[in-house]
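entry.txt (compact mmCIF, C-alpha atoms (C1' of nucleotides)) appears below.
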# COMPACT_ATOMS: atom_id res chain seq x y z
CA MET E 1 -90.17 -7.33 70.59
CA VAL E 2 -88.86 -10.76 70.14
CA ALA E 3 -91.37 -12.11 67.65
CA GLY E 4 -90.78 -12.28 63.92
CA PRO E 5 -92.25 -10.05 61.24
CA THR E 6 -96.01 -10.37 60.97
CA SER E 7 -96.13 -9.86 57.22
CA ALA E 8 -93.88 -9.81 54.17
CA GLY E 9 -92.83 -6.70 52.30
CA PRO E 10 -90.21 -3.97 52.20
CA GLY E 11 -88.44 -3.04 55.40
CA LYS E 12 -88.60 -6.72 56.27
CA ASP E 13 -84.85 -7.21 56.38
CA ARG E 14 -84.33 -4.43 58.88
CA LEU E 15 -87.13 -5.70 61.07
CA ARG E 16 -85.68 -9.18 60.98
CA LEU E 17 -82.27 -7.79 61.85
CA TRP E 18 -83.70 -5.92 64.79
CA ILE E 19 -85.45 -8.99 66.13
CA ARG E 20 -82.32 -11.11 65.85
CA LEU E 21 -80.25 -8.40 67.48
CA LEU E 22 -82.66 -8.27 70.35
CA ARG E 23 -82.90 -12.03 70.78
CA ALA E 24 -79.13 -12.35 70.73
CA SER E 25 -78.58 -9.68 73.31
CA ARG E 26 -81.36 -10.98 75.56
CA THR E 27 -79.97 -14.49 75.43
CA ILE E 28 -76.45 -13.40 76.31
CA GLU E 29 -77.64 -10.92 78.88
CA ALA E 30 -79.73 -13.53 80.65
CA GLU E 31 -76.79 -15.91 80.83
CA LEU E 32 -74.43 -13.24 82.15
CA ARG E 33 -76.97 -12.08 84.70
CA GLU E 34 -77.41 -15.60 85.99
CA ARG E 35 -73.67 -16.18 86.30
CA LEU E 36 -73.08 -12.86 88.04
CA LYS E 37 -75.74 -13.81 90.54
CA LYS E 38 -74.51 -17.35 91.09
CA GLU E 39 -70.77 -16.72 91.11
CA PHE E 40 -70.53 -13.25 92.62
CA ASP E 41 -73.92 -12.54 94.14
CA THR E 42 -74.24 -9.32 92.17
CA THR E 43 -76.31 -7.95 89.31
CA LEU E 44 -75.76 -6.59 85.84
CA PRO E 45 -76.68 -2.99 86.71
CA ARG E 46 -74.26 -3.01 89.65
CA PHE E 47 -71.58 -4.45 87.38
CA ASP E 48 -72.26 -1.75 84.79
CA VAL E 49 -71.88 1.04 87.30
CA MET E 50 -68.70 -0.43 88.72
CA ALA E 51 -67.27 -0.89 85.24
CA ALA E 52 -67.87 2.75 84.45
CA LEU E 53 -66.26 3.85 87.72
CA TYR E 54 -63.31 1.53 87.23
CA ARG E 55 -62.42 3.42 84.08
CA SER E 56 -62.61 6.76 85.89
CA PRO E 57 -60.49 6.63 89.04
CA GLU E 58 -61.12 10.33 89.55
CA GLY E 59 -64.79 9.55 89.92
CA MET E 60 -68.00 10.33 88.06
CA LEU E 61 -71.03 12.49 88.69
CA MET E 62 -74.40 10.82 88.88
CA SER E 63 -75.34 12.47 85.62
CA ASP E 64 -72.16 11.20 83.96
CA LEU E 65 -73.07 7.69 84.98
CA SER E 66 -76.61 8.03 83.78
CA ARG E 67 -75.54 9.42 80.40
CA PHE E 68 -72.80 6.86 79.92
CA LEU E 69 -74.92 3.87 80.87
CA LEU E 70 -77.94 5.01 78.88
CA VAL E 71 -80.27 4.82 81.85
CA SER E 72 -82.34 7.39 83.71
CA ASN E 73 -81.08 9.54 86.55
CA GLY E 74 -83.39 8.07 89.15
CA ASN E 75 -82.25 4.63 88.20
CA VAL E 76 -78.61 5.38 88.97
CA THR E 77 -79.57 6.81 92.35
CA GLY E 78 -80.96 3.48 93.50
CA ILE E 79 -78.10 1.38 92.20
CA VAL E 80 -75.44 3.64 93.70
CA ASP E 81 -77.35 3.66 97.01
CA ARG E 82 -77.08 -0.10 97.15
CA LEU E 83 -73.41 -0.13 96.16
CA VAL E 84 -72.69 2.43 98.86
CA SER E 85 -74.49 0.38 101.48
CA GLU E 86 -72.37 -2.58 100.41
CA GLY E 87 -69.18 -0.56 100.82
CA LEU E 88 -68.16 -0.84 97.17
CA VAL E 89 -68.63 2.78 96.26
CA THR E 90 -68.54 6.21 97.92
CA ARG E 91 -70.26 9.52 97.28
CA ALA E 92 -67.75 12.29 97.99
CA ARG E 93 -69.18 15.74 98.60
CA ARG E 94 -67.55 18.38 96.48
CA ASN E 95 -66.46 21.80 97.63
CA GLY E 96 -67.28 23.50 94.39
CA ASP E 97 -70.88 22.47 93.82
CA ARG E 98 -72.94 21.14 96.68
CA ARG E 99 -75.58 19.73 94.38
CA THR E 100 -73.20 17.10 93.09
CA SER E 101 -71.00 14.42 94.51
CA MET E 102 -68.21 12.41 93.00
CA VAL E 103 -68.95 8.72 92.93
CA ARG E 104 -65.89 6.51 93.23
CA LEU E 105 -65.06 2.87 93.75
CA THR E 106 -63.68 2.07 97.18
CA GLU E 107 -60.57 -0.07 97.56
CA GLU E 108 -62.80 -3.04 98.13
CA GLY E 109 -65.00 -2.08 95.18
CA SER E 110 -62.01 -1.88 92.93
CA ARG E 111 -60.61 -5.23 94.01
CA SER E 112 -64.02 -6.81 93.77
CA PHE E 113 -64.66 -5.43 90.31
CA ALA E 114 -61.32 -6.59 88.93
CA ALA E 115 -62.15 -10.17 89.84
CA ILE E 116 -65.64 -10.02 88.42
CA ALA E 117 -64.48 -8.32 85.22
CA ALA E 118 -61.98 -11.08 84.52
CA ALA E 119 -64.68 -13.72 84.81
CA HIS E 120 -67.05 -11.59 82.80
CA GLU E 121 -64.64 -11.25 79.93
CA SER E 122 -64.01 -14.94 79.75
CA TRP E 123 -67.73 -15.64 79.85
CA VAL E 124 -68.32 -13.33 76.92
CA GLY E 125 -65.52 -15.05 75.04
CA GLU E 126 -67.19 -18.35 75.71
CA LEU E 127 -70.71 -17.21 74.88
CA LEU E 128 -69.59 -15.64 71.62
CA GLY E 129 -67.27 -18.54 70.91
CA ASN E 130 -69.09 -19.41 67.70
CA VAL E 131 -68.28 -16.01 66.27
CA SER E 132 -64.77 -16.00 64.86
CA GLU E 133 -62.47 -13.19 65.91
CA ASP E 134 -62.58 -11.94 62.35
CA GLU E 135 -66.34 -12.01 62.19
CA ALA E 136 -66.47 -10.33 65.58
CA ARG E 137 -64.38 -7.47 64.25
CA ARG E 138 -66.57 -7.09 61.18
CA LEU E 139 -69.81 -7.20 63.13
CA ALA E 140 -68.46 -4.75 65.68
CA GLY E 141 -67.48 -2.44 62.86
CA MET E 142 -70.98 -2.45 61.43
CA LEU E 143 -72.53 -1.86 64.81
CA LYS E 144 -70.15 0.97 65.52
CA SER E 145 -71.06 2.88 62.42
CA PHE E 146 -74.69 2.24 63.11
CA ARG E 147 -74.40 3.62 66.60
CA SER E 148 -72.43 6.71 65.73
CA ASN E 149 -75.04 7.56 63.13
CA TRP E 150 -77.52 7.57 65.89
CA GLU E 151 -76.15 8.96 69.07
CA GLY E 152 -77.13 12.42 70.09
CA ARG E 153 -79.65 12.61 67.31
CA GLU E 154 -82.49 14.71 68.69
CA MET N 155 -72.53 -3.95 80.66
CA VAL N 156 -72.29 -0.97 78.48
CA ALA N 157 -68.74 0.07 79.24
CA GLY N 158 -65.75 -0.78 77.07
CA PRO N 159 -63.07 -3.39 77.74
CA THR N 160 -61.02 -2.61 80.81
CA SER N 161 -57.76 -4.03 79.43
CA ALA N 162 -56.19 -5.16 76.18
CA GLY N 163 -55.55 -8.75 75.20
CA PRO N 164 -57.11 -11.76 73.55
CA GLY N 165 -60.88 -12.10 73.61
CA LYS N 166 -60.97 -8.33 73.25
CA ASP N 167 -62.79 -8.39 69.91
CA ARG N 168 -65.62 -10.51 71.23
CA LEU N 169 -65.98 -8.35 74.29
CA ARG N 170 -66.08 -5.26 72.13
CA LEU N 171 -68.67 -6.88 69.91
CA TRP N 172 -70.80 -7.72 72.88
CA ILE N 173 -70.67 -4.19 74.22
CA ARG N 174 -71.62 -2.70 70.87
CA LEU N 175 -74.42 -5.19 70.45
CA LEU N 176 -75.77 -4.24 73.83
CA ARG N 177 -75.47 -0.51 73.30
CA ALA N 178 -77.17 -0.76 69.94
CA SER N 179 -80.08 -2.77 71.23
CA ARG N 180 -80.50 -0.55 74.29
CA THR N 181 -80.53 2.58 72.18
CA ILE N 182 -83.13 1.23 69.78
CA GLU N 183 -85.16 -0.34 72.54
CA ALA N 184 -85.31 2.93 74.46
CA GLU N 185 -86.52 4.80 71.41
CA LEU N 186 -89.17 2.21 70.60
CA ARG N 187 -90.35 2.12 74.20
CA GLU N 188 -90.74 5.86 74.26
CA ARG N 189 -92.71 5.92 71.02
CA LEU N 190 -94.98 3.08 72.09
CA LYS N 191 -95.74 5.01 75.24
CA LYS N 192 -96.31 8.34 73.55
CA GLU N 193 -98.19 7.18 70.46
CA PHE N 194 -100.12 4.20 71.77
CA ASP N 195 -99.92 4.41 75.53
CA THR N 196 -98.53 0.89 75.75
CA THR N 197 -95.27 -0.81 76.64
CA LEU N 198 -92.71 -3.05 74.98
CA PRO N 199 -93.56 -6.15 77.03
CA ARG N 200 -97.24 -5.78 76.23
CA PHE N 201 -96.35 -5.37 72.56
CA ASP N 202 -94.19 -8.49 72.69
CA VAL N 203 -96.95 -10.59 74.16
CA MET N 204 -99.47 -9.32 71.66
CA ALA N 205 -97.07 -9.94 68.78
CA ALA N 206 -96.64 -13.53 69.87
CA LEU N 207 -100.38 -14.03 70.18
CA TYR N 208 -101.05 -12.38 66.83
CA ARG N 209 -99.02 -15.09 65.16
CA SER N 210 -100.98 -17.82 66.94
CA PRO N 211 -104.69 -17.24 66.44
CA GLU N 212 -105.36 -20.59 68.11
CA GLY N 213 -103.81 -19.17 71.28
CA MET N 214 -100.79 -19.91 73.42
CA LEU N 215 -100.20 -21.35 76.86
CA MET N 216 -98.51 -19.20 79.45
CA SER N 217 -95.47 -21.42 79.24
CA ASP N 218 -95.40 -21.09 75.44
CA LEU N 219 -95.32 -17.35 75.82
CA SER N 220 -92.63 -17.43 78.43
CA ARG N 221 -90.43 -19.75 76.37
CA PHE N 222 -90.94 -17.82 73.16
CA LEU N 223 -90.33 -14.42 74.67
CA LEU N 224 -87.32 -15.53 76.70
CA VAL N 225 -88.75 -14.26 79.96
CA SER N 226 -89.74 -15.96 83.20
CA ASN N 227 -93.11 -17.51 83.89
CA GLY N 228 -94.05 -15.15 86.65
CA ASN N 229 -93.28 -12.24 84.41
CA VAL N 230 -95.80 -13.32 81.78
CA THR N 231 -98.48 -13.72 84.42
CA GLY N 232 -98.36 -10.04 85.29
CA ILE N 233 -98.27 -8.76 81.74
CA VAL N 234 -101.16 -10.98 80.66
CA ASP N 235 -103.11 -9.91 83.75
CA ARG N 236 -102.82 -6.30 82.65
CA LEU N 237 -103.70 -7.07 79.05
CA VAL N 238 -106.77 -8.98 80.24
CA SER N 239 -107.87 -6.10 82.43
CA GLU N 240 -107.54 -3.84 79.37
CA GLY N 241 -109.72 -6.16 77.30
CA LEU N 242 -107.01 -6.94 74.77
CA VAL N 243 -106.50 -10.58 75.67
CA THR N 244 -108.47 -13.48 77.17
CA ARG N 245 -107.58 -16.53 79.20
CA ALA N 246 -109.76 -19.42 78.00
CA ARG N 247 -110.08 -22.36 80.36
CA ARG N 248 -109.38 -25.66 78.66
CA ASN N 249 -111.35 -28.86 79.03
CA GLY N 250 -108.38 -31.13 78.67
CA ASP N 251 -106.02 -29.80 81.29
CA ARG N 252 -107.34 -27.59 84.03
CA ARG N 253 -103.90 -26.33 85.00
CA THR N 254 -103.58 -24.44 81.77
CA SER N 255 -105.50 -21.83 79.85
CA MET N 256 -105.26 -20.67 76.28
CA VAL N 257 -104.32 -17.04 76.00
CA ARG N 258 -105.73 -15.30 72.92
CA LEU N 259 -106.06 -11.82 71.52
CA THR N 260 -109.57 -10.41 71.63
CA GLU N 261 -111.07 -8.76 68.56
CA GLU N 262 -110.07 -5.45 69.99
CA GLY N 263 -106.63 -6.72 70.86
CA SER N 264 -106.11 -7.93 67.34
CA ARG N 265 -107.23 -4.67 65.77
CA SER N 266 -105.17 -2.70 68.23
CA PHE N 267 -102.06 -4.77 67.61
CA ALA N 268 -102.28 -4.50 63.83
CA ALA N 269 -102.17 -0.71 64.06
CA ILE N 270 -99.27 -0.68 66.50
CA ALA N 271 -97.31 -3.26 64.53
CA ALA N 272 -97.50 -1.17 61.38
CA ALA N 273 -96.08 1.84 63.18
CA HIS N 274 -93.50 -0.34 64.89
CA GLU N 275 -92.23 -1.75 61.64
CA SER N 276 -91.84 1.65 60.10
CA TRP N 277 -90.03 2.92 63.20
CA VAL N 278 -87.56 0.07 63.01
CA GLY N 279 -87.04 0.82 59.34
CA GLU N 280 -86.32 4.40 60.24
CA LEU N 281 -84.08 3.65 63.22
CA LEU N 282 -82.04 1.16 61.22
CA GLY N 283 -82.11 3.40 58.18
CA ASN N 284 -78.34 3.72 58.13
CA VAL N 285 -77.97 0.00 57.66
CA SER N 286 -78.43 -0.89 54.02
CA GLU N 287 -80.84 -3.70 53.18
CA ASP N 288 -77.91 -5.74 52.03
CA GLU N 289 -75.96 -5.15 55.20
CA ALA N 290 -79.07 -5.91 57.22
CA ARG N 291 -79.32 -9.28 55.54
CA ARG N 292 -75.68 -10.08 56.20
CA LEU N 293 -75.82 -8.99 59.82
CA ALA N 294 -79.03 -10.91 60.37
CA GLY N 295 -77.39 -13.96 58.86
CA MET N 296 -74.48 -13.79 61.28
CA LEU N 297 -76.77 -13.28 64.22
CA LYS N 298 -78.94 -16.17 63.15
CA SER N 299 -76.11 -18.62 63.07
CA PHE N 300 -74.90 -17.32 66.37
CA ARG N 301 -78.27 -17.80 67.94
CA SER N 302 -78.92 -21.25 66.61
CA ASN N 303 -75.56 -22.34 67.98
CA TRP N 304 -76.78 -21.31 71.32
CA GLU N 305 -80.40 -22.04 71.82
CA GLY N 306 -81.33 -24.97 73.95
CA ARG N 307 -77.72 -25.46 74.95
CA GLU N 308 -77.89 -26.67 78.52
C1' DC I 309 -78.71 41.84 96.84
C1' DT I 310 -82.52 39.09 95.12
C1' DA I 311 -85.76 36.98 92.11
C1' DT I 312 -85.85 34.00 88.29
C1' DG I 313 -84.40 30.24 85.98
C1' DA I 314 -81.45 26.39 85.23
C1' DA I 315 -78.96 22.35 86.82
C1' DA I 316 -78.09 18.10 89.64
C1' DC I 317 -80.04 15.07 92.04
C1' DT I 318 -83.74 12.35 94.72
C1' DT I 319 -88.29 10.74 95.35
C1' DT I 320 -92.42 8.58 93.85
C1' DA I 321 -95.74 5.65 91.45
C1' DA I 322 -96.32 2.27 88.22
C1' DG I 323 -94.71 -1.39 85.81
C1' DC I 324 -91.14 -4.96 84.46
C1' DT I 325 -88.08 -8.80 85.89
C1' DT I 326 -86.17 -12.66 88.21
C1' DG I 327 -85.74 -16.82 91.14
C1' DA I 328 -87.86 -19.26 94.60
C1' DA I 329 -91.73 -20.87 97.06
C1' DA I 330 -96.54 -22.17 96.95
C1' DT I 331 -100.82 -24.22 94.52
C1' DA I 332 -103.20 -27.06 91.82
C1' DA I 333 -103.81 -30.56 88.41
C1' DT I 334 -102.01 -34.39 85.90
C1' DT I 335 -99.19 -38.47 85.18
C1' DT I 336 -96.57 -42.35 86.66
C1' DC I 337 -95.67 -46.24 89.07
C1' DC I 338 -96.46 -49.68 92.24
C1' DG Z 339 -106.67 -47.05 93.37
C1' DG Z 340 -103.33 -44.08 95.78
C1' DA Z 341 -98.66 -42.28 96.79
C1' DA Z 342 -95.11 -39.83 94.56
C1' DA Z 343 -93.24 -37.24 91.03
C1' DT Z 344 -94.01 -34.00 87.36
C1' DT Z 345 -96.04 -30.08 85.05
C1' DA Z 346 -98.37 -25.52 84.64
C1' DT Z 347 -99.16 -21.65 86.73
C1' DT Z 348 -99.35 -18.00 90.32
C1' DT Z 349 -97.55 -15.57 94.21
C1' DC Z 350 -93.92 -13.24 96.53
C1' DA Z 351 -89.89 -10.41 97.75
C1' DA Z 352 -86.30 -7.89 96.00
C1' DG Z 353 -84.45 -5.22 92.68
C1' DC Z 354 -84.43 -2.67 88.13
C1' DT Z 355 -86.56 0.91 85.16
C1' DT Z 356 -88.86 4.96 83.58
C1' DA Z 357 -91.18 9.49 83.53
C1' DA Z 358 -92.70 13.01 86.23
C1' DA Z 359 -92.68 15.78 90.19
C1' DG Z 360 -90.09 17.67 94.03
C1' DT Z 361 -85.79 19.58 96.44
C1' DT Z 362 -81.63 21.87 96.85
C1' DT Z 363 -78.05 24.53 94.98
C1' DC Z 364 -76.05 27.47 91.66
C1' DA Z 365 -75.91 31.17 88.00
C1' DT Z 366 -77.49 35.39 86.17
C1' DA Z 367 -79.88 39.46 85.25
C1' DG Z 368 -81.76 43.24 86.92

Please lay out the structure from this file as C-alpha cells.
Amino acid sequence: MVAGPTSAGPGKDRLRLWIRLLRASRTIEAELRERLKKEFDTTLPRFDVMAALYRSPEGMLMSDLSRFLLVSNGNVTGIVDRLVSEGLVTRARRNGDRRTSMVRLTEEGSRSFAAIAAAHESWVGELLGNVSEDEARRLAGMLKSFRSNWEGRE
Amino acid sequence: MVAGPTSAGPGKDRLRLWIRLLRASRTIEAELRERLKKEFDTTLPRFDVMAALYRSPEGMLMSDLSRFLLVSNGNVTGIVDRLVSEGLVTRARRNGDRRTSMVRLTEEGSRSFAAIAAAHESWVGELLGNVSEDEARRLAGMLKSFRSNWEGRE
DNA sequence: CTATGAAACTTTAAGCTTGAAATAATTTCC
DNA sequence: GGAAATTATTTCAAGCTTAAAGTTTCATAG
C-alpha cells in the first residue's frame, strides 16, 4: 500500500495521491507513536480513546467510541480494559440499560490527557512545520470535502 | 488520533490537517482492506509486500522491504513467512552473504499480484472519485514536498 | 406474559505491529 | 589470524486490529 503505481495510464494521479497520503500519514503516525511511548509510556490507541472521552465529559458508550474512532467494537473493549486497569478511565453502569456502560475519564485520566495533548499538539506542529498555515488550511479543506463525500456511504 | 483539536489557538490548522489526513487514510484503508479480504482473500500488508517485489524482479532483501514499506524488520519476517507458505514468494539464499536472502515473487505470486493490483487501482480511482484529477495532482504535489522534507531526517 | 428479534457488548482466533533481545555472518582493526 | 564491532535477520512478548461468534439485556408483537 506504500509502493508506487505499477503502470502508467488513467487513474494514475489518484493512485499516486493515495500512496502519498498513506506514506505521509504512516511517517507522522510512526513518529508520534514513538514519542508517546518514550515521553509518556502510552500508545496511540490509548491516546485516541482518551481524546474522545476528553471532549465528552458526560461519557461515551463503547459503541460511540468505536464509531467515532473508526475502529471495531472488540478493539475498543481491549483498549478500555487496559485504561481501566491503569486507573485512567471508568465504566459506569447505567440504570436505564444494563447492556451499556458510560465510559469516562477519571480525574487522573483527565489530568494525564491534558499534559499529553499539549505535547502532542506541539509535535504535530513541528512535524508539519514545512506546511505553511495557509497551505494547511487549503489541504484540510480538500480533505474535508473528500471525507464528507464519503462518510456513511453504504 | 482521530479526534479534533481540544482547544483553540495557534498550531490549530496543522493539527486539524493532521486529523483530517489520518481520518481520510483510515477510511480508505479500511475499505481497501475489506475488499482485498472479500475479493481476493488477502490482506493489505501482503499486498504491500507483493507490490514492492513486483517492482523489483531481481528481488529484495528483507531490510530493503522493511525500509521501503516503513515497517519494522520483525514485521516483514512474519508477512514473508506467510507469503512463502502460500507459494507466492521465495527466499533465495545468496552466495555472497549468507546472512541475507533475496525475496522474490514466484510465477504464481506475480500472476496473482497483477490481478489484484488492477482491481486495487480501480478501487482507489473509485474511492477518490470525488477528487478531480487536477486536485489530485495538486494535493499529491503538496504531500510530496512535505514528505521529502521529512524523510531520512534523524 | 412470553417468544422472537434486535441491540450492546465481549470473546475468540488469526494476523499485524513494534521494540528489544538473540543469532548468525561479515567486516574491521590490531 | 583473531577479537571486537557491525550488519542482517529472526524471535519474542505485548499490544493492536478485525471479523465472526457468543452473551446478556432490552423491545415488541402476539

Tell me, in Å to one decimal, how far atom CA of E:Ala114 is from atom CA of E:Leu53.
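Computed distance, atom CA of E:Ala114 to atom CA of E:Leu53, equals 11.6 Å.
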
Expected residue set, 12 Å radius at (-73.8, -9.8, 68.2), only C-alpha atoms (C1' of nucleotides), as a VMD selection string:
(chain E and resid 17 to 29 124 to 125 127 to 132 135 to 144) or (chain N and resid 167 to 179 293 to 301)

Go ahead and dump the residues you just picked, C-alpha atoms, as an mmCIF file, in the coordinates of the input.
data_model
loop_
_atom_site.group_PDB
_atom_site.id
_atom_site.type_symbol
_atom_site.label_atom_id
_atom_site.label_comp_id
_atom_site.auth_asym_id
_atom_site.auth_seq_id
_atom_site.Cartn_x
_atom_site.Cartn_y
_atom_site.Cartn_z
ATOM 1 C CA LEU E 17 -82.270 -7.790 61.850
ATOM 2 C CA TRP E 18 -83.700 -5.920 64.790
ATOM 3 C CA ILE E 19 -85.450 -8.990 66.130
ATOM 4 C CA ARG E 20 -82.320 -11.110 65.850
ATOM 5 C CA LEU E 21 -80.250 -8.400 67.480
ATOM 6 C CA LEU E 22 -82.660 -8.270 70.350
ATOM 7 C CA ARG E 23 -82.900 -12.030 70.780
ATOM 8 C CA ALA E 24 -79.130 -12.350 70.730
ATOM 9 C CA SER E 25 -78.580 -9.680 73.310
ATOM 10 C CA ARG E 26 -81.360 -10.980 75.560
ATOM 11 C CA THR E 27 -79.970 -14.490 75.430
ATOM 12 C CA ILE E 28 -76.450 -13.400 76.310
ATOM 13 C CA GLU E 29 -77.640 -10.920 78.880
ATOM 14 C CA VAL E 124 -68.320 -13.330 76.920
ATOM 15 C CA GLY E 125 -65.520 -15.050 75.040
ATOM 16 C CA LEU E 127 -70.710 -17.210 74.880
ATOM 17 C CA LEU E 128 -69.590 -15.640 71.620
ATOM 18 C CA GLY E 129 -67.270 -18.540 70.910
ATOM 19 C CA ASN E 130 -69.090 -19.410 67.700
ATOM 20 C CA VAL E 131 -68.280 -16.010 66.270
ATOM 21 C CA SER E 132 -64.770 -16.000 64.860
ATOM 22 C CA GLU E 135 -66.340 -12.010 62.190
ATOM 23 C CA ALA E 136 -66.470 -10.330 65.580
ATOM 24 C CA ARG E 137 -64.380 -7.470 64.250
ATOM 25 C CA ARG E 138 -66.570 -7.090 61.180
ATOM 26 C CA LEU E 139 -69.810 -7.200 63.130
ATOM 27 C CA ALA E 140 -68.460 -4.750 65.680
ATOM 28 C CA GLY E 141 -67.480 -2.440 62.860
ATOM 29 C CA MET E 142 -70.980 -2.450 61.430
ATOM 30 C CA LEU E 143 -72.530 -1.860 64.810
ATOM 31 C CA LYS E 144 -70.150 0.970 65.520
ATOM 32 C CA ASP N 167 -62.790 -8.390 69.910
ATOM 33 C CA ARG N 168 -65.620 -10.510 71.230
ATOM 34 C CA LEU N 169 -65.980 -8.350 74.290
ATOM 35 C CA ARG N 170 -66.080 -5.260 72.130
ATOM 36 C CA LEU N 171 -68.670 -6.880 69.910
ATOM 37 C CA TRP N 172 -70.800 -7.720 72.880
ATOM 38 C CA ILE N 173 -70.670 -4.190 74.220
ATOM 39 C CA ARG N 174 -71.620 -2.700 70.870
ATOM 40 C CA LEU N 175 -74.420 -5.190 70.450
ATOM 41 C CA LEU N 176 -75.770 -4.240 73.830
ATOM 42 C CA ARG N 177 -75.470 -0.510 73.300
ATOM 43 C CA ALA N 178 -77.170 -0.760 69.940
ATOM 44 C CA SER N 179 -80.080 -2.770 71.230
ATOM 45 C CA LEU N 293 -75.820 -8.990 59.820
ATOM 46 C CA ALA N 294 -79.030 -10.910 60.370
ATOM 47 C CA GLY N 295 -77.390 -13.960 58.860
ATOM 48 C CA MET N 296 -74.480 -13.790 61.280
ATOM 49 C CA LEU N 297 -76.770 -13.280 64.220
ATOM 50 C CA LYS N 298 -78.940 -16.170 63.150
ATOM 51 C CA SER N 299 -76.110 -18.620 63.070
ATOM 52 C CA PHE N 300 -74.900 -17.320 66.370
ATOM 53 C CA ARG N 301 -78.270 -17.800 67.940
#

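In this comparison, which uses only C-alpha atoms, the residue of E:Arg67, E:Lys37, E:Arg104, E:Arg82 approaching chain N most closely is E:Arg67.
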
Find the smallest box with edges along x, y and z containing every listed atom of stretch 325-334 of chain I, then add 5 Å on each side and report centre and edge lengths in Å to one decimal, as lines of an AutoDock Vina configuration file.
center_x = -94.8
center_y = -21.6
center_z = 91.5
size_x = 28.1
size_y = 35.6
size_z = 21.2

8 Å contacts from chain N to chain I using all atoms listed in the file, as a PyMOL selection string:
chain N and resi 199+226+229+251-253

Can you write out as a tab-separated table which residues of chain Z fall within 9 Å of chain E, alongside each residue's closest atom pair and its distance in Å to one decimal, counting all atoms listed in the file and ordering rows by chain and ascending residue number?
residue	atom	partner	partner_atom	distance
Z:DC354	C1'	E:Asn75	CA	7.6
Z:DT355	C1'	E:Asn75	CA	6.5
Z:DT356	C1'	E:Ser72	CA	7.0
Z:DT362	C1'	E:Arg99	CA	6.9
Z:DT363	C1'	E:Arg99	CA	5.4
Z:DC364	C1'	E:Asp97	CA	7.5

Quote the spacing between atom C1' of Z:DT348 and atom CA of N:Asp235 in Å to one decimal place.
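Between atom C1' of Z:DT348 and atom CA of N:Asp235 the gap works out to 11.1 Å.
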
Pick from E:Ser56, E:Ser85, E:Asn95, E:Thr90 nearest to chain N, counting all atoms listed in the file:
E:Ser56

Which residues, written as a PyMOL selection string, have at least one atom at most 10 Å from N:Ala246, with all atoms listed in the file counted and residues fewer than 4 positions away on the same chain left out?
chain N and resi 213+215+254-258

To one decimal in Å, tell me the separation between atom CA of E:Val89 and atom CA of E:Gly109.
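Spanning atom CA of E:Val89 to atom CA of E:Gly109 is a straight-line distance of 6.2 Å.
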
E:Arg55, E:Arg35, E:Phe40, E:Glu107: which is nearest chain N, counting all atoms listed in the file?
E:Arg55

Would you please work out which residue, of N:Ala206, N:Ile270, N:Leu219, N:Leu237, is nearest to chain E when using only C-alpha atoms?
N:Ala206
